[in-house]
>>> print(open('protein14.cif').read())   # mmCIF, C-alpha atoms
data_final
loop_
_atom_site.label_atom_id
_atom_site.label_comp_id
_atom_site.auth_asym_id
_atom_site.auth_seq_id
_atom_site.Cartn_x
_atom_site.Cartn_y
_atom_site.Cartn_z
CA MET A 28 -26.62 -6.99 -5.79
CA ILE A 29 -24.58 -4.73 -8.05
CA LYS A 30 -24.04 -6.41 -11.40
CA ASP A 31 -21.89 -3.82 -13.10
CA LEU A 32 -20.01 -1.10 -11.24
CA ALA A 33 -19.84 1.30 -14.20
CA GLN A 34 -23.64 1.27 -14.57
CA ALA A 35 -24.23 1.81 -10.84
CA LEU A 36 -22.26 5.08 -10.68
CA PRO A 37 -24.14 8.31 -11.48
CA ARG A 38 -22.58 10.35 -14.23
CA HIS A 39 -24.26 13.74 -13.76
CA ASN A 40 -22.90 14.73 -10.37
CA LYS A 41 -19.30 14.31 -9.15
CA LEU A 42 -20.18 14.40 -5.44
CA LEU A 43 -22.92 11.82 -5.81
CA ARG A 44 -20.53 9.65 -7.80
CA GLN A 45 -17.98 9.64 -4.97
CA ILE A 46 -20.66 8.99 -2.34
CA THR A 47 -21.92 6.01 -4.37
CA ARG A 48 -18.38 4.64 -4.76
CA LEU A 49 -17.74 4.90 -1.02
CA ASN A 50 -21.07 3.24 -0.16
CA ILE A 51 -20.37 0.39 -2.60
CA ILE A 52 -17.00 -0.24 -0.90
CA ALA A 53 -18.60 -0.25 2.56
CA GLY A 54 -21.16 -2.75 1.29
CA THR A 55 -24.66 -3.68 2.41
CA PRO A 56 -25.92 -5.93 5.22
CA GLU A 57 -26.08 -8.77 2.63
CA THR A 58 -22.53 -8.41 1.26
CA ALA A 59 -20.46 -7.28 4.25
CA PHE A 60 -18.84 -10.19 6.12
CA LYS A 61 -16.38 -10.38 9.00
CA PHE A 62 -13.93 -13.29 9.08
CA GLY A 63 -12.73 -14.90 12.27
CA PRO A 64 -9.17 -14.70 13.62
CA GLU A 65 -8.22 -18.01 11.96
CA LEU A 66 -7.97 -16.50 8.45
CA LYS A 67 -4.50 -15.07 7.77
CA LYS A 68 -4.49 -14.53 3.99
CA LEU A 69 -6.96 -14.70 1.11
CA GLU A 70 -5.33 -15.30 -2.29
CA VAL A 71 -7.13 -15.04 -5.62
CA VAL A 72 -5.43 -16.80 -8.56
CA ILE A 73 -6.65 -15.49 -11.92
CA TYR A 74 -5.52 -15.07 -15.54
CA SER A 75 -3.47 -11.98 -16.34
CA LYS A 76 -5.70 -11.18 -19.33
CA ASN A 77 -9.49 -11.49 -19.61
CA ILE A 78 -9.53 -13.97 -22.44
CA LEU A 79 -11.73 -16.85 -21.36
CA ALA A 80 -15.31 -16.57 -20.15
CA HIS A 81 -15.09 -19.09 -17.30
CA GLY A 82 -12.84 -16.68 -15.34
CA ALA A 83 -15.30 -13.78 -15.60
CA GLY A 84 -17.08 -14.59 -12.34
CA LEU A 85 -13.80 -14.62 -10.40
CA LYS A 86 -12.79 -11.29 -11.87
CA LYS A 87 -16.13 -9.80 -10.80
CA PHE A 88 -15.58 -11.25 -7.33
CA TRP A 89 -12.23 -9.40 -7.22
CA LYS A 90 -13.65 -6.08 -8.40
CA LEU A 91 -17.02 -6.05 -6.58
CA ASN A 92 -16.81 -8.25 -3.47
CA LEU A 93 -13.14 -8.16 -2.44
CA PRO A 94 -13.11 -4.40 -1.63
CA THR A 95 -16.03 -4.87 0.80
CA LEU A 96 -14.34 -7.87 2.42
CA LYS A 97 -11.08 -5.89 2.75
CA PHE A 98 -12.90 -2.89 4.24
CA HIS A 99 -14.37 -4.99 7.05
CA ASN A 100 -11.30 -7.24 7.55
CA ASP A 101 -8.34 -4.89 7.69
CA ASP A 102 -6.05 -7.39 9.40
CA VAL A 103 -6.41 -10.08 6.71
CA ASP A 104 -3.91 -10.04 3.83
CA PHE A 105 -5.67 -9.95 0.45
CA VAL A 106 -3.48 -10.94 -2.51
CA VAL A 107 -4.38 -11.30 -6.20
CA THR A 108 -1.97 -13.47 -8.21
CA ARG A 109 -2.23 -12.92 -11.97
CA VAL A 110 -0.85 -15.80 -14.02
CA ARG A 111 0.34 -15.29 -17.57
CA PRO A 112 0.80 -18.53 -19.57
CA THR A 113 3.27 -18.56 -22.44
CA LYS A 114 1.53 -21.22 -24.56
CA ARG A 115 -2.15 -21.50 -25.50
CA GLU A 116 -2.25 -25.12 -24.20
CA ASP A 117 -1.31 -23.92 -20.70
CA PHE A 118 -4.51 -21.89 -20.26
CA ASP A 119 -6.42 -24.96 -19.05
CA LYS A 120 -3.71 -25.74 -16.49
CA ILE A 121 -4.07 -22.41 -14.65
CA PRO A 122 -6.18 -22.86 -11.53
CA LEU A 123 -8.96 -20.31 -11.16
CA GLU A 124 -9.42 -20.45 -7.42
CA VAL A 125 -9.56 -18.65 -4.13
CA ARG A 126 -7.02 -19.92 -1.59
CA LEU A 127 -7.75 -19.41 2.09
CA HIS A 128 -4.57 -19.53 4.17
CA GLN A 129 -5.21 -20.09 7.86
CA GLU A 130 -3.18 -19.32 10.97
CA ASN A 131 -2.48 -23.01 11.66
CA GLY A 132 -0.75 -23.36 8.26
CA LYS A 133 -3.64 -25.14 6.51
CA MET A 134 -4.92 -23.98 3.13
CA GLN A 135 -8.41 -24.43 1.74
CA LYS A 136 -9.31 -23.90 -1.91
CA VAL A 137 -12.49 -22.77 -3.59
CA ASP A 138 -12.68 -23.68 -7.29
CA CYS A 139 -14.10 -20.73 -9.25
CA THR A 140 -14.26 -22.08 -12.82
CA ASN A 141 -17.58 -21.22 -14.49
CA LYS A 142 -19.03 -19.68 -11.33
CA ASP A 143 -20.49 -16.25 -10.80
CA ASN A 144 -19.25 -13.85 -8.13
CA GLU A 145 -22.22 -14.38 -5.79
CA SER A 146 -21.73 -18.14 -5.54
CA ILE A 147 -17.95 -17.67 -5.02
CA LEU A 148 -18.66 -15.25 -2.15
CA ARG A 149 -21.20 -17.68 -0.66
CA GLU A 150 -18.70 -20.57 -0.74
CA VAL A 151 -15.86 -18.52 0.77
CA VAL A 152 -18.12 -17.26 3.56
CA GLU A 153 -19.47 -20.74 4.36
CA MET A 154 -15.98 -22.26 4.37
CA MET A 155 -14.63 -19.69 6.85
CA ASN A 156 -17.83 -19.35 8.91
CA ALA A 157 -17.83 -15.60 8.37
CA LYS A 158 -20.48 -13.52 10.12
CA LEU A 159 -22.58 -10.76 8.63
CA VAL A 160 -21.64 -7.25 9.69
CA ALA A 161 -24.47 -5.47 11.53
CA GLU A 162 -26.15 -2.63 9.66
CA LYS A 163 -25.16 -0.11 12.34
CA ASP A 164 -21.45 -1.00 11.79
CA ILE A 165 -21.59 -0.29 8.04
CA PRO A 166 -20.79 3.41 7.46
CA THR A 167 -23.18 4.95 4.93
CA LEU A 168 -22.69 8.41 3.47
CA TYR A 169 -25.55 10.69 2.40
CA ARG A 170 -25.55 13.78 0.25
CA TYR A 171 -28.05 15.72 2.34
CA GLU A 172 -28.66 15.81 6.11
CA HIS A 173 -32.35 14.94 5.78
CA GLN A 174 -31.50 11.62 4.08
CA LYS A 175 -29.80 10.32 7.23
CA PRO A 176 -31.86 8.03 9.48
CA VAL A 177 -33.25 9.85 12.53
CA ALA A 178 -31.29 7.80 15.08
CA GLU A 179 -27.98 8.48 13.31
CA ALA A 180 -28.69 12.21 13.04
CA GLU A 181 -29.53 12.38 16.79
CA ALA A 182 -26.37 10.45 17.70
CA GLU A 183 -24.26 12.88 15.66
CA ALA A 184 -25.94 15.90 17.23
CA LEU A 185 -25.09 14.52 20.72
CA MET B 24 -33.14 47.16 -46.03
CA LEU B 25 -35.21 44.80 -43.94
CA LYS B 26 -37.86 44.45 -46.66
CA SER B 27 -35.31 43.68 -49.32
CA GLY B 28 -33.62 41.36 -46.88
CA PHE B 29 -36.88 39.57 -46.14
CA GLN B 30 -37.69 39.33 -49.83
CA SER B 31 -34.33 37.87 -50.67
CA PHE B 32 -34.66 35.52 -47.70
CA ARG B 33 -38.10 34.45 -48.90
CA SER B 34 -36.89 33.81 -52.42
CA CYS B 35 -33.97 31.86 -51.05
CA TYR B 36 -36.31 29.85 -48.84
CA PHE B 37 -38.68 28.90 -51.65
CA SER B 38 -36.09 28.30 -54.35
CA ARG B 39 -33.92 25.99 -52.25
CA GLY B 40 -35.85 24.06 -49.62
CA PHE B 41 -32.68 22.85 -47.83
CA ALA B 42 -31.11 26.27 -47.20
CA SER B 43 -31.00 27.17 -43.53
CA SER B 44 -28.58 30.10 -43.44
CA LEU B 45 -29.89 33.50 -42.46
CA PHE B 46 -28.44 36.58 -44.06
CA LEU B 47 -29.09 40.33 -44.02
CA LEU B 48 -28.33 43.04 -46.54
CA ASN B 49 -26.40 46.17 -45.58
CA ALA B 50 -26.90 49.67 -47.05
CA THR B 51 -24.91 48.89 -50.22
CA GLY B 52 -26.81 45.66 -50.82
CA ALA B 53 -23.94 43.34 -49.87
CA THR B 54 -24.80 40.35 -47.71
CA LEU B 55 -23.67 40.08 -44.12
CA SER B 56 -23.52 36.73 -42.36
CA VAL B 57 -24.95 36.78 -38.84
CA LEU B 58 -22.63 34.99 -36.42
CA ARG B 59 -24.01 33.39 -33.28
CA ALA B 60 -22.18 34.29 -30.08
CA SER B 61 -19.98 31.34 -29.10
CA PRO B 62 -20.45 29.91 -25.56
CA LYS B 63 -16.65 30.17 -25.13
CA ASP B 64 -16.82 34.00 -25.31
CA HIS B 65 -19.00 34.05 -22.20
CA ARG B 66 -16.28 32.25 -20.21
CA LYS B 67 -13.66 34.83 -21.22
CA ASP B 68 -15.76 37.76 -20.06
CA PRO B 69 -13.83 39.52 -17.21
CA LYS B 70 -17.03 39.91 -15.15
CA VAL B 71 -17.75 36.19 -15.39
CA ILE B 72 -14.14 35.37 -14.41
CA LEU B 73 -14.41 37.62 -11.32
CA GLN B 74 -17.71 35.99 -10.33
CA ARG B 75 -16.14 32.54 -10.67
CA VAL B 76 -13.15 33.52 -8.48
CA SER B 77 -15.38 35.02 -5.79
CA ARG B 78 -17.51 31.82 -5.75
CA LYS B 79 -14.31 29.78 -5.38
CA LYS B 80 -13.21 31.99 -2.45
CA GLN B 81 -16.56 31.53 -0.70
CA ARG B 82 -16.41 27.76 -1.15
CA ALA B 83 -12.76 27.68 0.03
CA LYS B 84 -13.65 29.42 3.31
CA ARG B 85 -16.20 26.76 4.26
CA PRO B 86 -14.99 24.36 6.99
CA ALA B 87 -14.01 20.86 5.80
CA ASP B 88 -16.50 19.01 8.02
CA MET B 89 -19.45 20.62 6.21
CA ASN B 90 -18.68 18.44 3.16
CA PRO B 91 -20.76 15.20 2.93
CA ILE B 92 -17.64 13.14 2.13
CA TYR B 93 -15.51 14.55 4.92
CA MET B 94 -13.78 11.92 7.10
CA ASP B 95 -10.67 11.50 9.22
CA ILE B 96 -7.50 10.13 7.62
CA PRO B 97 -7.51 6.58 9.14
CA LEU B 98 -11.04 5.93 7.82
CA ALA B 99 -10.10 7.47 4.46
CA MET B 100 -7.09 5.13 4.20
CA LYS B 101 -9.36 2.18 4.99
CA TYR B 102 -11.46 3.07 1.94
CA MET B 103 -8.34 3.55 -0.22
CA ARG B 104 -6.86 0.18 0.78
CA ALA B 105 -10.18 -1.52 0.05
CA ALA B 106 -10.46 0.13 -3.37
CA GLU B 107 -6.87 -0.83 -4.28
CA VAL B 108 -7.17 -4.45 -3.11
CA GLY B 109 -5.14 -6.80 -5.28
CA ASN B 110 -3.13 -4.08 -7.04
CA PRO B 111 0.66 -4.01 -6.59
CA ALA B 112 1.82 -1.52 -3.95
CA LYS B 113 3.91 0.55 -6.41
CA ARG B 114 0.80 1.37 -8.43
CA THR B 115 -1.26 2.58 -5.49
CA THR B 116 -0.07 6.14 -4.97
CA VAL B 117 -2.10 8.16 -2.47
CA SER B 118 -2.11 11.88 -3.17
CA VAL B 119 -3.71 15.06 -1.85
CA GLN B 120 -5.23 17.82 -3.98
CA VAL B 121 -5.49 21.16 -2.21
CA THR B 122 -7.39 24.16 -3.53
CA ILE B 123 -5.32 27.30 -2.91
CA ILE B 124 -6.43 30.72 -4.11
CA PRO B 125 -3.23 32.76 -4.31
CA GLU B 126 -3.01 36.44 -3.50
CA LYS B 127 -2.61 38.73 -6.54
CA GLY B 128 0.89 39.69 -7.56
CA VAL B 129 2.59 36.94 -5.56
CA SER B 130 4.79 34.31 -7.21
CA PRO B 131 3.18 30.85 -7.40
CA ILE B 132 3.61 28.52 -4.47
CA GLN B 133 6.39 26.06 -5.23
CA GLY B 134 9.28 24.39 -3.56
CA LEU B 135 10.81 21.21 -2.23
CA VAL B 136 9.37 19.33 0.73
CA ALA B 137 11.18 16.56 2.60
CA LEU B 138 8.67 13.88 3.54
CA PRO B 139 9.34 12.03 6.81
CA LYS B 140 8.56 8.76 5.02
CA PRO B 141 9.78 9.11 1.39
CA ILE B 142 7.66 7.57 -1.33
CA LYS B 143 10.49 6.89 -3.71
CA ASP B 144 13.95 5.90 -2.57
CA THR B 145 16.39 8.48 -3.79
CA CYS B 146 19.75 7.43 -5.17
CA ALA B 147 22.33 10.06 -6.09
CA LEU B 148 24.95 9.93 -8.84
CA VAL B 149 28.08 11.78 -7.73
CA PHE B 150 30.97 12.83 -9.98
CA THR B 151 34.10 13.74 -8.07
CA GLU B 152 37.75 12.83 -7.88
CA ASN B 153 38.17 14.39 -4.46
CA ALA B 154 39.12 11.58 -2.06
CA LEU B 155 37.93 13.59 0.99
CA GLN B 156 34.40 13.94 -0.42
CA VAL B 157 34.28 10.21 -1.19
CA GLU B 158 35.37 9.43 2.37
CA LYS B 159 32.64 11.65 3.87
CA LEU B 160 29.98 10.00 1.70
CA ALA B 161 31.17 6.52 2.63
CA ALA B 162 30.58 7.30 6.31
CA THR B 163 26.85 7.99 5.68
CA SER B 164 23.98 5.62 5.03
CA TYR B 165 22.63 7.46 1.94
CA SER B 166 22.19 5.59 -1.32
CA TYR B 167 24.63 6.85 -3.99
CA LYS B 168 27.15 5.91 -6.68
CA VAL B 169 30.36 7.91 -6.80
CA GLY B 170 33.20 8.03 -9.31
CA GLY B 171 35.18 10.14 -11.71
CA ASN B 172 36.50 9.12 -15.11
CA ASP B 173 35.72 5.46 -14.42
CA LEU B 174 32.04 6.27 -13.80
CA VAL B 175 31.91 8.35 -17.01
CA GLU B 176 33.33 5.33 -18.87
CA GLN B 177 30.70 3.02 -17.36
CA ILE B 178 27.88 5.35 -18.43
CA ASN B 179 29.37 5.57 -21.92
CA GLN B 180 29.34 1.79 -22.13
CA GLY B 181 25.67 1.63 -21.23
CA LEU B 182 25.17 1.87 -17.47
CA SER B 183 21.45 2.49 -16.89
CA LEU B 184 20.48 5.79 -15.26
CA ASP B 185 16.99 4.57 -14.31
CA GLY B 186 17.54 4.14 -10.57
CA PHE B 187 19.13 7.59 -10.03
CA SER B 188 17.00 10.53 -8.97
CA HIS B 189 19.71 13.19 -8.53
CA CYS B 190 23.17 13.93 -9.89
CA PHE B 191 25.85 16.10 -8.28
CA ALA B 192 29.39 17.06 -9.17
CA THR B 193 32.29 19.06 -7.80
CA PRO B 194 33.38 22.04 -9.95
CA GLU B 195 36.61 20.36 -11.12
CA ALA B 196 34.67 17.24 -12.25
CA LEU B 197 32.41 19.21 -14.63
CA SER B 198 34.97 19.08 -17.43
CA ILE B 199 35.01 15.25 -17.51
CA LEU B 200 31.24 15.13 -18.05
CA LYS B 201 31.40 16.38 -21.65
CA PRO B 202 31.29 12.90 -23.28
CA ILE B 203 28.08 12.01 -21.38
CA GLN B 204 26.48 15.46 -21.41
CA ARG B 205 23.75 14.38 -23.82
CA THR B 206 22.99 11.18 -21.89
CA LEU B 207 22.65 13.00 -18.58
CA GLY B 208 20.73 15.90 -20.11
CA VAL B 209 18.02 13.65 -21.57
CA ALA B 210 17.57 11.95 -18.18
CA GLY B 211 17.32 15.36 -16.47
CA LEU B 212 20.44 14.62 -14.40
CA MET B 213 23.07 17.01 -15.78
CA PRO B 214 24.61 18.90 -12.83
CA THR B 215 24.67 22.68 -13.31
CA VAL B 216 25.65 25.64 -11.16
CA LYS B 217 22.25 27.28 -11.87
CA LYS B 218 20.26 24.33 -10.47
CA GLY B 219 22.51 24.20 -7.42
CA THR B 220 23.80 20.68 -8.09
CA VAL B 221 27.48 21.67 -8.35
CA SER B 222 29.31 22.32 -5.11
CA ASP B 223 32.50 21.59 -3.21
CA ASP B 224 30.44 20.19 -0.33
CA ILE B 225 28.77 17.18 -1.97
CA LEU B 226 27.64 15.70 1.35
CA SER B 227 25.27 18.60 2.09
CA LEU B 228 23.73 18.30 -1.39
CA VAL B 229 23.11 14.56 -0.93
CA GLU B 230 21.62 15.16 2.54
CA LYS B 231 19.23 17.82 1.24
CA SER B 232 18.06 15.75 -1.71
CA ALA B 233 17.29 12.61 0.29
CA GLY B 234 13.49 12.15 0.36
CA GLN B 235 12.66 15.54 -1.18
CA LEU B 236 9.62 16.10 -3.38
CA SER B 237 9.04 19.10 -5.62
CA TYR B 238 5.61 20.74 -5.81
CA ARG B 239 4.10 23.69 -7.68
CA LEU B 240 0.71 25.39 -7.67
CA LYS B 241 -1.01 24.96 -11.05
CA GLY B 242 -3.94 27.30 -11.40
CA TYR B 243 -5.80 26.90 -8.11
CA ASN B 244 -4.78 23.29 -7.43
CA LEU B 245 -1.80 21.81 -5.66
CA ALA B 246 -1.48 18.04 -6.15
CA ILE B 247 1.21 16.16 -4.21
CA PRO B 248 1.71 12.42 -3.64
CA VAL B 249 1.83 11.61 0.08
CA GLY B 250 2.39 7.88 0.13
CA ARG B 251 1.20 4.49 -0.97
CA CYS B 252 -1.50 2.16 0.29
CA ASP B 253 1.07 0.02 2.11
CA PHE B 254 2.08 2.99 4.33
CA THR B 255 0.65 3.02 7.84
CA ASP B 256 -1.90 5.67 8.88
CA LYS B 257 0.70 7.39 11.06
CA GLU B 258 3.18 7.71 8.14
CA ILE B 259 0.51 9.19 5.87
CA ILE B 260 -0.54 11.70 8.55
CA GLN B 261 3.12 12.71 9.13
CA ASN B 262 3.65 13.25 5.40
CA ILE B 263 0.48 15.34 5.05
CA LYS B 264 1.46 17.39 8.11
CA ALA B 265 4.90 18.08 6.58
CA ILE B 266 3.24 19.34 3.39
CA ALA B 267 0.73 21.45 5.37
CA ASP B 268 3.56 23.05 7.38
CA HIS B 269 5.43 23.81 4.16
CA VAL B 270 2.37 25.41 2.54
CA ASN B 271 1.73 27.52 5.67
CA ALA B 272 5.38 28.60 5.74
CA SER B 273 5.14 29.78 2.14
CA GLN B 274 2.30 32.22 2.96
CA PRO B 275 3.24 35.84 2.15
CA THR B 276 4.14 38.10 5.05
CA GLY B 277 1.59 40.79 5.86
CA ASN B 278 -2.18 40.85 6.15
CA LYS B 279 -3.10 39.38 2.79
CA LYS B 280 -2.70 35.60 2.74
CA HIS B 281 -3.39 32.84 0.25
CA ILE B 282 -6.74 31.16 0.89
CA VAL B 283 -6.26 27.45 1.56
CA GLY B 284 -9.51 25.68 0.68
CA ARG B 285 -10.70 22.10 0.33
CA CYS B 286 -8.23 19.22 0.55
CA SER B 287 -9.07 15.88 -1.07
CA LEU B 288 -7.31 12.57 -0.55
CA SER B 289 -7.43 9.94 -3.27
CA SER B 290 -5.53 6.96 -4.58
CA THR B 291 -4.77 5.79 -8.12
CA ASN B 292 -7.97 3.79 -8.63
CA GLY B 293 -9.78 4.76 -5.47
CA PRO B 294 -12.49 7.29 -4.62
CA SER B 295 -11.82 10.83 -3.44
CA VAL B 296 -12.62 11.99 0.12
CA VAL B 297 -12.30 15.34 1.85
CA ILE B 298 -9.90 15.64 4.79
CA ASP B 299 -8.96 18.46 7.16
CA PHE B 300 -5.70 20.00 5.96
CA LYS B 301 -5.54 22.93 8.35
CA ASN B 302 -6.01 21.23 11.73
CA LEU B 303 -3.82 18.12 11.62
#
>>> encode(input="protein14.cif", output="structure tokens")
Amino acid sequence: MIKDLAQALPRHNKLLRQITRLNIIAGTPETAFKFGPELKKLEVVIYSKNILAHGAGLKKFWKLNLPTLKFHNDDVDFVVTRVRPTKREDFDKIPLEVRLHQENGKMQKVDCTNKDNESILREVVEMMNAKLVAEKDIPTLYRYEHQKPVAEAEAEAL
Amino acid sequence: MLKSGFQSFRSCYFSRGFASSLFLLNATGATLSVLRASPKDHRKDPKVILQRVSRKKQRAKRPADMNPIYMDIPLAMKYMRAAEVGNPAKRTTVSVQVTIIPEKGVSPIQGLVALPKPIKDTCALVFTENALQVEKLAATSYSYKVGGNDLVEQINQGLSLDGFSHCFATPEALSILKPIQRTLGVAGLMPTVKKGTVSDDILSLVEKSAGQLSYRLKGYNLAIPVGRCDFTDKEIIQNIKAIADHVNASQPTGNKKHIVGRCSLSSTNGPSVVIDFKNL
């Protein structure tokens, strides 16, 4: 699981950097999930500024996991609502949550206070009964031809 | 000279242990400092510049699908939308960067291209007291604000010019613009005969400016915005095709043509992918 995006990207080669970015977005067989038709919209409510530590996991979920979910669920509306409180006392009132809006009008919430991005992803997936995307459906880019798996190379040649 | 130079170097070395400068003596005994060749001088060498251009030309002639990050536009837009998830639509500009190696002695590629799906809504500011021109404009669906002395007064009193992308005037209305000349000039909106924004036929000027985007080749790169992440795949493809047709139309007549090389598509915070610019 990628902990920090900036550390995962190679710095010495521009092409390799882009390939790594594209492969991170496409995800892996452990992080790529497909939602069912019942999910209409996924809303993330987060602070506008990164002040408090108990929202850090939700921010990581937005930056690392949400792109992969969006890539494999193009028809679902992904929205991030950034809340800016005017007074210091109002910080505790802001909900740090993921709201799952369904087709039948119902809304389910996942509380994300003091949670890391992996547990938030696990809860969202379990709540919506999402299925893992098969490895053959996850596009992976390679820098050289010989790095491609044999079956993929043969399919391309045909 | 060498011996005396070595001796003076040796004495310098032993007398001051921290000295690291090397110096030689010329025929008169005066010291000469030895300068190291700077790495920047190598880049300015004409031979090196020619080699670099010929390498660029070879790379530009390679087909797009040979690149490891080549993909078709719908898949590329899927990656862009995923990378820009959660960001407001206005901040997610998708743009293309085309490598073009121009032919020698030809003026740089530049112009105005009308995108089928405009990125920014254009709104024109029109200064005229001609009732016929106002009537013609009223019959159209273009976004504009028209007026004469009253509009000049409004701008003097603080009307914001933020939402206006173009400004036109009829020749007789130019004289009334003197009080707001400085205001319009700073915003880049002052109508002038040289720019082509002063004419008796205001309607044609407004029609031409609607949805137009200016572009110019800088060095070997042409970067143009083609849309946003909330555009559909079809709209993005239509915009890119309009730009490709414009670039092909600006090729010089004759045998020698500009070399159109690699085309990359990227968004504000997204990755960059290679797309086929020539065969859309």
>>> resolve_selection(input="protein14.cif", expression="the PyMOL selection byres ((chain B) within 12 of (chain A))", output="PyMOL selection string")
chain B and resi 89-94+97-112+253+255+287-289+292-297
>>> atom_distance(input="protein14.cif", atom1="CA of Lys241 in chain B", atom2="CA of Pro131 in chain B")
8.1 Å
>>> resolve_selection(input="protein14.cif", expression="the PyMOL selection byres ((chain B and resi 86) around 12)", output="number ranges by chain")
B: 81-85, 87-91, 93, 283-286, 297-302
>>> resolve_selection(input="protein14.cif", expression="the PyMOL selection byres ((chain B and resi 171) around 9)", output="ChimeraX atom specification")
/B:149-153,169-170,172-176,196,199-200
>>> axis_aligned_box(input="protein14.cif", around="range 41-56 of chain A", padding_each_side="6 Å", output="AutoDock Vina command-line options")
--center_x -21.5 --center_y 4.2 --center_z -2.0 --size_x 20.9 --size_y 32.3 --size_z 26.4
>>> atom_distance(input="protein14.cif", atom1="CA of Asp224 in chain B", atom2="CA of Ala265 in chain B")
26.5 Å
>>> residues_around(input="protein14.cif", residues="range 133-137 of chain A", least_positions_apart="5", cutoff="12 Å", atoms="all atoms listed in the file", output="NGL selection string")
:A and (65-72 or 85 or 122-128 or 142 or 146-155)
>>> write_last_selection(input="protein14.cif", atoms="C-alpha atoms", output="PDB file, in the frame of the given file")
ATOM      1  CA  GLU A  65      -8.220 -18.010  11.960  1.00  0.00           C
ATOM      2  CA  LEU A  66      -7.970 -16.500   8.450  1.00  0.00           C
ATOM      3  CA  LYS A  67      -4.500 -15.070   7.770  1.00  0.00           C
ATOM      4  CA  LYS A  68      -4.490 -14.530   3.990  1.00  0.00           C
ATOM      5  CA  LEU A  69      -6.960 -14.700   1.110  1.00  0.00           C
ATOM      6  CA  GLU A  70      -5.330 -15.300  -2.290  1.00  0.00           C
ATOM      7  CA  VAL A  71      -7.130 -15.040  -5.620  1.00  0.00           C
ATOM      8  CA  VAL A  72      -5.430 -16.800  -8.560  1.00  0.00           C
ATOM      9  CA  LEU A  85     -13.800 -14.620 -10.400  1.00  0.00           C
ATOM     10  CA  PRO A 122      -6.180 -22.860 -11.530  1.00  0.00           C
ATOM     11  CA  LEU A 123      -8.960 -20.310 -11.160  1.00  0.00           C
ATOM     12  CA  GLU A 124      -9.420 -20.450  -7.420  1.00  0.00           C
ATOM     13  CA  VAL A 125      -9.560 -18.650  -4.130  1.00  0.00           C
ATOM     14  CA  ARG A 126      -7.020 -19.920  -1.590  1.00  0.00           C
ATOM     15  CA  LEU A 127      -7.750 -19.410   2.090  1.00  0.00           C
ATOM     16  CA  HIS A 128      -4.570 -19.530   4.170  1.00  0.00           C
ATOM     17  CA  LYS A 142     -19.030 -19.680 -11.330  1.00  0.00           C
ATOM     18  CA  SER A 146     -21.730 -18.140  -5.540  1.00  0.00           C
ATOM     19  CA  ILE A 147     -17.950 -17.670  -5.020  1.00  0.00           C
ATOM     20  CA  LEU A 148     -18.660 -15.250  -2.150  1.00  0.00           C
ATOM     21  CA  ARG A 149     -21.200 -17.680  -0.660  1.00  0.00           C
ATOM     22  CA  GLU A 150     -18.700 -20.570  -0.740  1.00  0.00           C
ATOM     23  CA  VAL A 151     -15.860 -18.520   0.770  1.00  0.00           C
ATOM     24  CA  VAL A 152     -18.120 -17.260   3.560  1.00  0.00           C
ATOM     25  CA  GLU A 153     -19.470 -20.740   4.360  1.00  0.00           C
ATOM     26  CA  MET A 154     -15.980 -22.260   4.370  1.00  0.00           C
ATOM     27  CA  MET A 155     -14.630 -19.690   6.850  1.00  0.00           C
TER      28      MET A 155
END
>>> atom_distance(input="protein14.cif", atom1="CA of Pro166 in chain A", atom2="CA of Pro56 in chain A")
10.9 Å
>>> closest_residue(input="protein14.cif", among="B:Val117, B:Asn179, B:Gln133, B:Lys63", to="Asn271 in chain B", atoms="only C-alpha atoms")
B:Gln133
>>> closest_residue(input="protein14.cif", among="A:Leu159, A:Pro37, A:Asp164, A:Ile73", to="Asp119 in chain A", atoms="only C-alpha atoms")
A:Ile73
>>> residues_around(input="protein14.cif", residues="Thr55 in chain A", least_positions_apart="3", cutoff="8 Å", atoms="only C-alpha atoms", output="PyMOL selection string")
chain A and resi 51+58-59+162+165
>>> residues_around(input="protein14.cif", residues="range 267-269 of chain B", least_positions_apart="5", cutoff="9 Å", atoms="only C-alpha atoms", output="count of residues only")
7
